[in-house]
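Take a look at the structure below.
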Amino acid sequence: MEKQIDEQMARLRTLAAPGRNGRLETGIPRVAMVRGTIPEHELATVYEPMINLILQGGKSMTVGEQTFDYDPATYFVMSVELPAVGVIRSDAAGAPYMAVALTLVPSILAELIAGLPPGCAQNGGNAFSVAAVTPELLDAWTRMLGLMAHPEDIAALAPAYEREILYRVLQGPHGSMLRAIAAPDSAMARLAAAIAWIRRDFNLPLRVEALADRAAMSVSAFHRHFKATTSLSPVQYQKRIRLMHARTLMVAKGSSVAAAAYDVGYESATQFSREYARLFGMAPLRDAARMLAHMRNI
C-alpha cells in the first residue's frame, strides 16, 4: 500500500504543480491550494473548518498548547474556526511546501450523513486532529484536482467528488468529529455557533454567560466543553483572535501599535503589548518590522 500511496501523491503533485506561490483559489468551490513560502502573519490566523492534505513538505499547527506535525502521509481536520499558528517546511530535498484544502460546510455534511447508517454524533475530544491518508481518500482528491484542467466539468462533477472526500473522512478516525458538527443539536454544533459569535464580534467585551446561554449550557459546562474542543478558554480564544488580527493590521495595513490595539478591542496599549509579546515572542513593533523585512526578502 505504501508504494500505491507514493504513486498517488506523485500524481497529485503533478496536478498541483502549475500553481503559483502563495494561496491559490482553484476554481473548484471550497477547494484551495497553497504552494511555496507564505508570509508568517498569514500562518498565524483563524483557520476555517477544513480538511487539509499536504502534497509536499510538512507543516506544524499549534492550537492552544497542542502542536500537531503532519506531512504527505497524513491529513489534518479542523471542524470549527480556530486561532492557530502554522509553520510550513520544504521537503528533505528542498522542494517547496504544497498543500490542498477543502473548506467544510455543515449543511453539505448533514445531507451526506443523512443517507449513511447511523453513527455516533458526539465527539468528546478536540475539534482538530491528524490521521493517516488512505488510497481511497487520495483517489478522490486526484479526481477533484483533475478538474482544474477541465473547468467545464466542475459544476457537474465537483459536488460528487466533494461528497466522496467527505465520505472517506467520515469512514476514518475523524468520522465522529464531522458527524458532531453536522448534527444541529450536538454540543459541538452549539459551540461552533458560539465560536462564530466570538469571531464576528471579537473587538467587543466578552460575556461568557450570554455565550453559554446561546449554547444552551451552564457556564461551567460551557467552559469545560469549550476548552476540550478548542484547547483554549473562551477568553483565551478571543484574545488570540484579537492579537492575530492586530498583527495583520500592523503588517498588511501599516497600522501603529496603538491603533491596532484599539481597533481589536484593547483599552490599554500597554496590556496589548504585554500579551502580544507573550504570544508571539517579541514586542509588536519589533515583530512587525521583522516580518516586513522578511517579506521584502522573499
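Letters for chains follow the order of the C-alpha cells (A, B, ...), residue numbers begin at 1 for each chain, and ligand numbers begin at 1 in the order shown.
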
List as a PDB file with all heavy atoms, in the first residue's frame the protein and nucleic acid residues near Met98 (chain A), meaning an atom at most 10 Å away when only C-alpha atoms are counted, but skip any in the same chain fewer than 6 places from it.
```pdb
ATOM      1  N   ARG A  13       0.860  15.814  -6.874  1.00  0.00           N
ATOM      2  CA  ARG A  13       1.839  16.900  -7.009  1.00  0.00           C
ATOM      3  C   ARG A  13       1.918  17.395  -8.448  1.00  0.00           C
ATOM      4  O   ARG A  13       2.068  18.594  -8.701  1.00  0.00           O
ATOM      5  CB  ARG A  13       3.215  16.441  -6.513  1.00  0.00           C
ATOM      6  CG  ARG A  13       3.310  16.332  -5.005  1.00  0.00           C
ATOM      7  CD  ARG A  13       4.741  16.161  -4.547  1.00  0.00           C
ATOM      8  NE  ARG A  13       5.278  14.865  -4.903  1.00  0.00           N
ATOM      9  CZ  ARG A  13       5.181  13.778  -4.139  1.00  0.00           C
ATOM     10  NH1 ARG A  13       4.562  13.841  -2.972  1.00  0.00           N
ATOM     11  NH2 ARG A  13       5.731  12.635  -4.516  1.00  0.00           N
ATOM     12  N   ALA A  16      -1.013  19.626  -9.091  1.00  0.00           N
ATOM     13  CA  ALA A  16      -0.940  20.905  -8.378  1.00  0.00           C
ATOM     14  C   ALA A  16       0.257  21.752  -8.796  1.00  0.00           C
ATOM     15  O   ALA A  16       0.303  22.946  -8.485  1.00  0.00           O
ATOM     16  CB  ALA A  16      -0.880  20.653  -6.865  1.00  0.00           C
ATOM     17  N   ALA A  17       1.213  21.182  -9.504  1.00  0.00           N
ATOM     18  CA  ALA A  17       2.475  21.866  -9.801  1.00  0.00           C
ATOM     19  C   ALA A  17       2.331  23.186 -10.543  1.00  0.00           C
ATOM     20  O   ALA A  17       3.104  24.121 -10.294  1.00  0.00           O
ATOM     21  CB  ALA A  17       3.395  20.928 -10.579  1.00  0.00           C
ATOM     22  N   GLY A  19       0.496  25.581 -10.113  1.00  0.00           N
ATOM     23  CA  GLY A  19       0.084  26.680  -9.243  1.00  0.00           C
ATOM     24  C   GLY A  19       1.236  27.617  -8.912  1.00  0.00           C
ATOM     25  O   GLY A  19       2.385  27.200  -8.790  1.00  0.00           O
ATOM     26  N   ASN A  21       3.214  30.492  -6.393  1.00  0.00           N
ATOM     27  CA  ASN A  21       3.474  30.544  -4.960  1.00  0.00           C
ATOM     28  C   ASN A  21       2.366  31.316  -4.243  1.00  0.00           C
ATOM     29  O   ASN A  21       1.799  32.264  -4.780  1.00  0.00           O
ATOM     30  CB  ASN A  21       4.817  31.216  -4.683  1.00  0.00           C
ATOM     31  CG  ASN A  21       5.972  30.257  -4.900  1.00  0.00           C
ATOM     32  OD1 ASN A  21       5.767  29.073  -5.183  1.00  0.00           O
ATOM     33  ND2 ASN A  21       7.190  30.750  -4.790  1.00  0.00           N
ATOM     34  N   GLY A  22       2.099  30.907  -3.005  1.00  0.00           N
ATOM     35  CA  GLY A  22       1.055  31.548  -2.218  1.00  0.00           C
ATOM     36  C   GLY A  22      -0.229  30.745  -2.251  1.00  0.00           C
ATOM     37  O   GLY A  22      -0.262  29.593  -2.695  1.00  0.00           O
ATOM     38  N   ARG A  23      -1.300  31.363  -1.775  1.00  0.00           N
ATOM     39  CA  ARG A  23      -2.610  30.714  -1.765  1.00  0.00           C
ATOM     40  C   ARG A  23      -3.281  30.915  -3.116  1.00  0.00           C
ATOM     41  O   ARG A  23      -3.274  32.009  -3.677  1.00  0.00           O
ATOM     42  CB  ARG A  23      -3.491  31.297  -0.653  1.00  0.00           C
ATOM     43  CG  ARG A  23      -4.887  30.675  -0.587  1.00  0.00           C
ATOM     44  CD  ARG A  23      -5.722  31.327   0.494  1.00  0.00           C
ATOM     45  NE  ARG A  23      -7.109  30.898   0.428  1.00  0.00           N
ATOM     46  CZ  ARG A  23      -7.610  29.833   1.045  1.00  0.00           C
ATOM     47  NH1 ARG A  23      -6.803  29.099   1.799  1.00  0.00           N
ATOM     48  NH2 ARG A  23      -8.881  29.506   0.935  1.00  0.00           N
ATOM     49  N   MET A  33      -5.482  25.813  -2.906  1.00  0.00           N
ATOM     50  CA  MET A  33      -4.140  25.249  -2.812  1.00  0.00           C
ATOM     51  C   MET A  33      -3.188  26.279  -2.242  1.00  0.00           C
ATOM     52  O   MET A  33      -3.398  27.482  -2.375  1.00  0.00           O
ATOM     53  CB  MET A  33      -3.628  24.815  -4.188  1.00  0.00           C
ATOM     54  CG  MET A  33      -4.350  23.635  -4.781  1.00  0.00           C
ATOM     55  SD  MET A  33      -3.421  22.891  -6.164  1.00  0.00           S
ATOM     56  CE  MET A  33      -3.020  24.317  -7.151  1.00  0.00           C
ATOM     57  N   VAL A  34      -2.147  25.786  -1.597  1.00  0.00           N
ATOM     58  CA  VAL A  34      -1.083  26.643  -1.091  1.00  0.00           C
ATOM     59  C   VAL A  34       0.237  26.052  -1.562  1.00  0.00           C
ATOM     60  O   VAL A  34       0.451  24.838  -1.489  1.00  0.00           O
ATOM     61  CB  VAL A  34      -1.109  26.731   0.449  1.00  0.00           C
ATOM     62  CG1 VAL A  34       0.085  27.515   0.947  1.00  0.00           C
ATOM     63  CG2 VAL A  34      -2.399  27.368   0.923  1.00  0.00           C
ATOM     64  N   ARG A  35       1.116  26.934  -2.041  1.00  0.00           N
ATOM     65  CA  ARG A  35       2.400  26.452  -2.553  1.00  0.00           C
ATOM     66  C   ARG A  35       3.497  27.438  -2.187  1.00  0.00           C
ATOM     67  O   ARG A  35       3.317  28.646  -2.243  1.00  0.00           O
ATOM     68  CB  ARG A  35       2.328  26.311  -4.078  1.00  0.00           C
ATOM     69  CG  ARG A  35       3.553  25.679  -4.724  1.00  0.00           C
ATOM     70  CD  ARG A  35       3.351  25.557  -6.232  1.00  0.00           C
ATOM     71  NE  ARG A  35       4.422  24.807  -6.869  1.00  0.00           N
ATOM     72  CZ  ARG A  35       5.596  25.330  -7.217  1.00  0.00           C
ATOM     73  NH1 ARG A  35       5.847  26.605  -6.974  1.00  0.00           N
ATOM     74  NH2 ARG A  35       6.508  24.566  -7.801  1.00  0.00           N
ATOM     75  N   GLY A  36       4.648  26.913  -1.781  1.00  0.00           N
ATOM     76  CA  GLY A  36       5.822  27.734  -1.533  1.00  0.00           C
ATOM     77  C   GLY A  36       5.764  28.493  -0.222  1.00  0.00           C
ATOM     78  O   GLY A  36       5.109  28.107   0.729  1.00  0.00           O
ATOM     79  N   THR A  37       6.468  29.611  -0.185  1.00  0.00           N
ATOM     80  CA  THR A  37       6.604  30.405   1.031  1.00  0.00           C
ATOM     81  C   THR A  37       5.351  31.238   1.272  1.00  0.00           C
ATOM     82  O   THR A  37       4.837  31.877   0.353  1.00  0.00           O
ATOM     83  CB  THR A  37       7.825  31.330   0.923  1.00  0.00           C
ATOM     84  OG1 THR A  37       8.991  30.527   0.684  1.00  0.00           O
ATOM     85  CG2 THR A  37       8.024  32.119   2.212  1.00  0.00           C
ATOM     86  N   LEU A  53      -4.735  18.560   3.165  1.00  0.00           N
ATOM     87  CA  LEU A  53      -3.874  17.474   2.721  1.00  0.00           C
ATOM     88  C   LEU A  53      -2.570  18.053   2.194  1.00  0.00           C
ATOM     89  O   LEU A  53      -2.570  18.856   1.261  1.00  0.00           O
ATOM     90  CB  LEU A  53      -4.568  16.669   1.615  1.00  0.00           C
ATOM     91  CG  LEU A  53      -3.756  15.544   0.964  1.00  0.00           C
ATOM     92  CD1 LEU A  53      -3.512  14.413   1.956  1.00  0.00           C
ATOM     93  CD2 LEU A  53      -4.471  15.027  -0.280  1.00  0.00           C
ATOM     94  N   ILE A  54      -1.456  17.676   2.797  1.00  0.00           N
ATOM     95  CA  ILE A  54      -0.145  18.137   2.334  1.00  0.00           C
ATOM     96  C   ILE A  54       0.336  17.224   1.213  1.00  0.00           C
ATOM     97  O   ILE A  54       0.317  15.998   1.338  1.00  0.00           O
ATOM     98  CB  ILE A  54       0.866  18.162   3.486  1.00  0.00           C
ATOM     99  CG1 ILE A  54       0.494  19.261   4.484  1.00  0.00           C
ATOM    100  CG2 ILE A  54       2.273  18.401   2.961  1.00  0.00           C
ATOM    101  CD1 ILE A  54       1.450  19.400   5.623  1.00  0.00           C
ATOM    102  N   LEU A  55       0.766  17.830   0.129  1.00  0.00           N
ATOM    103  CA  LEU A  55       1.271  17.086  -1.018  1.00  0.00           C
ATOM    104  C   LEU A  55       2.792  17.028  -1.032  1.00  0.00           C
ATOM    105  O   LEU A  55       3.376  16.113  -1.612  1.00  0.00           O
ATOM    106  CB  LEU A  55       0.775  17.731  -2.322  1.00  0.00           C
ATOM    107  CG  LEU A  55      -0.732  17.964  -2.426  1.00  0.00           C
ATOM    108  CD1 LEU A  55      -1.075  18.608  -3.774  1.00  0.00           C
ATOM    109  CD2 LEU A  55      -1.497  16.675  -2.230  1.00  0.00           C
ATOM    110  N   GLN A  56       3.430  18.017  -0.408  1.00  0.00           N
ATOM    111  CA  GLN A  56       4.895  18.097  -0.412  1.00  0.00           C
ATOM    112  C   GLN A  56       5.348  18.942   0.768  1.00  0.00           C
ATOM    113  O   GLN A  56       4.739  19.965   1.078  1.00  0.00           O
ATOM    114  CB  GLN A  56       5.345  18.751  -1.719  1.00  0.00           C
ATOM    115  CG  GLN A  56       6.830  18.680  -2.017  1.00  0.00           C
ATOM    116  CD  GLN A  56       7.095  19.052  -3.465  1.00  0.00           C
ATOM    117  OE1 GLN A  56       7.188  18.189  -4.330  1.00  0.00           O
ATOM    118  NE2 GLN A  56       7.196  20.330  -3.732  1.00  0.00           N
ATOM    119  N   GLY A  57       6.407  18.509   1.440  1.00  0.00           N
ATOM    120  CA  GLY A  57       6.895  19.246   2.601  1.00  0.00           C
ATOM    121  C   GLY A  57       6.169  18.820   3.857  1.00  0.00           C
ATOM    122  O   GLY A  57       5.708  17.689   3.986  1.00  0.00           O
ATOM    123  N   GLY A  58       6.072  19.739   4.813  1.00  0.00           N
ATOM    124  CA  GLY A  58       5.420  19.420   6.084  1.00  0.00           C
ATOM    125  C   GLY A  58       4.895  20.675   6.737  1.00  0.00           C
ATOM    126  O   GLY A  58       5.191  21.795   6.323  1.00  0.00           O
ATOM    127  N   LYS A  59       4.095  20.486   7.784  1.00  0.00           N
ATOM    128  CA  LYS A  59       3.505  21.614   8.490  1.00  0.00           C
ATOM    129  C   LYS A  59       3.296  21.252   9.948  1.00  0.00           C
ATOM    130  O   LYS A  59       3.006  20.110  10.290  1.00  0.00           O
ATOM    131  CB  LYS A  59       2.166  22.008   7.852  1.00  0.00           C
ATOM    132  CG  LYS A  59       1.543  23.290   8.417  1.00  0.00           C
ATOM    133  CD  LYS A  59       0.317  23.691   7.619  1.00  0.00           C
ATOM    134  CE  LYS A  59      -0.212  25.044   8.061  1.00  0.00           C
ATOM    135  NZ  LYS A  59      -1.383  25.475   7.253  1.00  0.00           N
ATOM    136  N   PRO A  72       2.987  14.465   3.949  1.00  0.00           N
ATOM    137  CA  PRO A  72       2.181  13.792   2.928  1.00  0.00           C
ATOM    138  C   PRO A  72       1.658  12.410   3.308  1.00  0.00           C
ATOM    139  O   PRO A  72       0.899  11.828   2.533  1.00  0.00           O
ATOM    140  CB  PRO A  72       3.141  13.715   1.729  1.00  0.00           C
ATOM    141  CG  PRO A  72       4.018  14.892   1.892  1.00  0.00           C
ATOM    142  CD  PRO A  72       4.248  14.975   3.374  1.00  0.00           C
ATOM    143  N   ILE A  88       5.342  26.068   8.086  1.00  0.00           N
ATOM    144  CA  ILE A  88       5.489  25.159   6.947  1.00  0.00           C
ATOM    145  C   ILE A  88       6.954  24.892   6.672  1.00  0.00           C
ATOM    146  O   ILE A  88       7.822  25.696   6.986  1.00  0.00           O
ATOM    147  CB  ILE A  88       4.792  25.711   5.687  1.00  0.00           C
ATOM    148  CG1 ILE A  88       5.387  27.056   5.262  1.00  0.00           C
ATOM    149  CG2 ILE A  88       3.291  25.836   5.923  1.00  0.00           C
ATOM    150  CD1 ILE A  88       4.829  27.564   3.946  1.00  0.00           C
ATOM    151  N   ARG A  89       7.219  23.725   6.051  1.00  0.00           N
ATOM    152  CA  ARG A  89       8.586  23.308   5.772  1.00  0.00           C
ATOM    153  C   ARG A  89       8.673  22.744   4.355  1.00  0.00           C
ATOM    154  O   ARG A  89       7.726  22.095   3.877  1.00  0.00           O
ATOM    155  CB  ARG A  89       9.032  22.222   6.761  1.00  0.00           C
ATOM    156  CG  ARG A  89       9.011  22.636   8.218  1.00  0.00           C
ATOM    157  CD  ARG A  89       9.416  21.485   9.126  1.00  0.00           C
ATOM    158  NE  ARG A  89       8.468  20.374   9.037  1.00  0.00           N
ATOM    159  CZ  ARG A  89       7.354  20.301   9.749  1.00  0.00           C
ATOM    160  NH1 ARG A  89       7.019  21.288  10.577  1.00  0.00           N
ATOM    161  NH2 ARG A  89       6.543  19.277   9.636  1.00  0.00           N
ATOM    162  N   SER A  90       9.807  22.951   3.709  1.00  0.00           N
ATOM    163  CA  SER A  90      10.088  22.277   2.447  1.00  0.00           C
ATOM    164  C   SER A  90      10.382  20.814   2.735  1.00  0.00           C
ATOM    165  O   SER A  90      10.589  20.416   3.894  1.00  0.00           O
ATOM    166  CB  SER A  90      11.286  22.933   1.751  1.00  0.00           C
ATOM    167  OG  SER A  90      11.037  24.302   1.518  1.00  0.00           O
ATOM    168  N   ASP A  91      10.419  19.986   1.692  1.00  0.00           N
ATOM    169  CA  ASP A  91      10.747  18.579   1.938  1.00  0.00           C
ATOM    170  C   ASP A  91      12.265  18.409   2.070  1.00  0.00           C
ATOM    171  O   ASP A  91      13.029  19.380   1.986  1.00  0.00           O
ATOM    172  CB  ASP A  91      10.156  17.683   0.853  1.00  0.00           C
ATOM    173  CG  ASP A  91      10.831  17.853  -0.517  1.00  0.00           C
ATOM    174  OD1 ASP A  91      11.853  18.563  -0.605  1.00  0.00           O
ATOM    175  OD2 ASP A  91      10.320  17.266  -1.486  1.00  0.00           O
TER     176      ASP A  91
END
```

Query - Selected residue, from A:Asp201, A:Ala212, A:His41, A:Gly64, that lies nearest to Met250 (chain A) when counting only C-alpha atoms - result: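 Of A:Asp201, A:Ala212, A:His41, A:Gly64, the one nearest Met250 (chain A), counting only C-alpha atoms, is A:His41.
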
Query - Between CA of Pro39 (chain A) and CA of Pro83 (chain A), distance in Å (one decimal) - result: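 One can read the CA of Pro39 (chain A) to CA of Pro83 (chain A) distance as 16.3 Å.
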
Report task. As number ranges by chain, please: all residues of region 26-83 of chain A that backbone DSSP puts in strand (DSSP E). Result -> A: 31-35, 44-47, 50-56, 58-63, 66-70, 74-78, 82-83

Requested in this report: Show which residues sit within 12 Å of His225 (chain A), as a ChimeraX atom specification. Count only C-alpha atoms, and ignore same-chain residues fewer than 6 positions away.
Outcome: /A:122-127,186-192,194-195,212,215-219,231-234

Near Leu102 (chain A), within 9 Å and counting only C-alpha atoms, which residues show up once chain neighbours fewer than 3 positions away are dropped, as an mmCIF file with C-alpha atoms, in the first residue's frame?
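part_11.cif, freshly written:
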```
data_model
loop_
_atom_site.group_PDB
_atom_site.id
_atom_site.type_symbol
_atom_site.label_atom_id
_atom_site.label_comp_id
_atom_site.auth_asym_id
_atom_site.auth_seq_id
_atom_site.Cartn_x
_atom_site.Cartn_y
_atom_site.Cartn_z
ATOM 1 C CA PRO A 29 -15.853 25.556 -4.949
ATOM 2 C CA ARG A 30 -14.326 25.373 -1.441
ATOM 3 C CA VAL A 31 -11.021 23.930 -2.745
ATOM 4 C CA ALA A 32 -7.839 25.999 -2.406
ATOM 5 C CA PRO A 49 -13.164 24.316 9.304
ATOM 6 C CA MET A 50 -11.285 22.282 6.728
ATOM 7 C CA ILE A 51 -9.663 19.091 5.541
ATOM 8 C CA ASN A 52 -6.027 19.850 4.746
ATOM 9 C CA LEU A 53 -3.874 17.474 2.721
ATOM 10 C CA GLU A 162 -16.502 16.603 -2.602
ATOM 11 C CA ILE A 165 -13.752 13.101 0.037
#
```

Requested in this report: Show which residues sit within 8 Å of Leu206 (chain A), as a ChimeraX atom specification. Count only C-alpha atoms, and ignore same-chain residues fewer than 4 positions away.
Outcome: /A:198,202,235,238

Take the selection from the previous step and output its residues with all heavy atoms, as a PDB file, in the first residue's frame.
```
ATOM      1  N   ILE A 198     -18.094  34.864  18.749  1.00  0.00           N
ATOM      2  CA  ILE A 198     -16.854  35.463  19.272  1.00  0.00           C
ATOM      3  C   ILE A 198     -16.019  36.005  18.122  1.00  0.00           C
ATOM      4  O   ILE A 198     -15.491  37.115  18.190  1.00  0.00           O
ATOM      5  CB  ILE A 198     -16.035  34.435  20.069  1.00  0.00           C
ATOM      6  CG1 ILE A 198     -16.799  33.953  21.301  1.00  0.00           C
ATOM      7  CG2 ILE A 198     -14.698  35.047  20.508  1.00  0.00           C
ATOM      8  CD1 ILE A 198     -16.087  32.837  22.054  1.00  0.00           C
ATOM      9  N   PHE A 202     -15.204  40.051  17.870  1.00  0.00           N
ATOM     10  CA  PHE A 202     -14.046  39.837  18.737  1.00  0.00           C
ATOM     11  C   PHE A 202     -13.575  41.111  19.427  1.00  0.00           C
ATOM     12  O   PHE A 202     -12.889  41.059  20.445  1.00  0.00           O
ATOM     13  CB  PHE A 202     -12.888  39.220  17.942  1.00  0.00           C
ATOM     14  CG  PHE A 202     -12.331  40.124  16.871  1.00  0.00           C
ATOM     15  CD1 PHE A 202     -11.341  41.052  17.156  1.00  0.00           C
ATOM     16  CD2 PHE A 202     -12.789  40.022  15.564  1.00  0.00           C
ATOM     17  CE1 PHE A 202     -10.826  41.883  16.167  1.00  0.00           C
ATOM     18  CE2 PHE A 202     -12.278  40.851  14.571  1.00  0.00           C
ATOM     19  CZ  PHE A 202     -11.297  41.782  14.874  1.00  0.00           C
ATOM     20  N   VAL A 235     -12.038  33.210  26.903  1.00  0.00           N
ATOM     21  CA  VAL A 235     -11.262  34.451  26.974  1.00  0.00           C
ATOM     22  C   VAL A 235      -9.962  34.313  26.181  1.00  0.00           C
ATOM     23  O   VAL A 235      -9.561  35.233  25.451  1.00  0.00           O
ATOM     24  CB  VAL A 235     -10.984  34.833  28.433  1.00  0.00           C
ATOM     25  CG1 VAL A 235     -10.012  36.009  28.505  1.00  0.00           C
ATOM     26  CG2 VAL A 235     -12.285  35.192  29.149  1.00  0.00           C
ATOM     27  N   GLN A 238     -10.760  34.523  22.404  1.00  0.00           N
ATOM     28  CA  GLN A 238     -10.956  35.893  21.943  1.00  0.00           C
ATOM     29  C   GLN A 238      -9.632  36.653  21.890  1.00  0.00           C
ATOM     30  O   GLN A 238      -9.356  37.402  20.945  1.00  0.00           O
ATOM     31  CB  GLN A 238     -11.936  36.634  22.846  1.00  0.00           C
ATOM     32  CG  GLN A 238     -12.246  38.040  22.351  1.00  0.00           C
ATOM     33  CD  GLN A 238     -12.869  38.914  23.413  1.00  0.00           C
ATOM     34  OE1 GLN A 238     -12.353  39.009  24.530  1.00  0.00           O
ATOM     35  NE2 GLN A 238     -13.997  39.541  23.086  1.00  0.00           N
TER      36      GLN A 238
END
```

Query raised in the report: Restricting the calculation to only C-alpha atoms, which member of A:Val63, A:Leu145, A:Ile241, A:Ala140 is positioned closest to Ala228 (chain A)?
Result: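 Checking each candidate against Ala228 (chain A), we get A:Val63 as the closest.
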
Requested in this report: Mind checking which residues fall within 12 Å of Asp139 (chain A), counting only C-alpha atoms, ignoring those fewer than 6 positions away in the same chain, and posting them as a count of residues only?
Outcome: 16

Requested in this report: Compare A:Leu104, A:Ala293, A:Ala246, A:Leu279 by their minimum atom-to-atom distance to Thr62 (chain A), counting only C-alpha atoms, and give me the closest one.
Outcome: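 The shortest atom-to-atom distance to Thr62 (chain A) comes from A:Leu279.
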
Report task. Write out as number ranges by chain the residues lying within 8 Å of Ile28 (chain A), counting only C-alpha atoms and excluding same-chain residues fewer than 4 positions away. Result -> A: 32, 147-148, 154, 158

Got time to write the residues from that selection, N, CA and C atoms, as a short mmCIF file (atom, residue, chain, number, x, y, z; two decimals), in the first residue's frame?
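Output saved as part.cif:
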```
data_model
loop_
_atom_site.label_atom_id
_atom_site.label_comp_id
_atom_site.auth_asym_id
_atom_site.auth_seq_id
_atom_site.Cartn_x
_atom_site.Cartn_y
_atom_site.Cartn_z
N ALA A 32 -8.94 25.05 -2.21
CA ALA A 32 -7.84 26.00 -2.41
C ALA A 32 -6.51 25.26 -2.28
N LEU A 147 -10.01 18.25 -12.04
CA LEU A 147 -10.98 19.17 -12.62
C LEU A 147 -10.36 20.52 -12.96
N MET A 148 -9.22 20.87 -12.38
CA MET A 148 -8.60 22.15 -12.70
C MET A 148 -8.24 22.23 -14.19
N ILE A 154 -16.50 21.14 -13.81
CA ILE A 154 -16.54 21.42 -12.37
C ILE A 154 -17.96 21.40 -11.82
N ALA A 158 -17.70 18.28 -9.46
CA ALA A 158 -17.09 18.65 -8.18
C ALA A 158 -17.95 18.28 -6.98
#
```

Query raised in the report: Distance CA of Thr248 (chain A)-CA of Pro205 (chain A), one decimal place?
Result: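 A separation of 20.8 Å between them.
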
Query raised in the report: From the list A:Ala180, A:Tyr167, A:Ala261, A:Leu292, which residue is nearest Glu136 (chain A) when using only C-alpha atoms?
Result: A:Tyr167

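Using only C-alpha atoms, the shortest contact distance between Leu204 (chain A) and any of A:Val264, A:Ala73, A:Val100, A:Ala131 is found at A:Val264.
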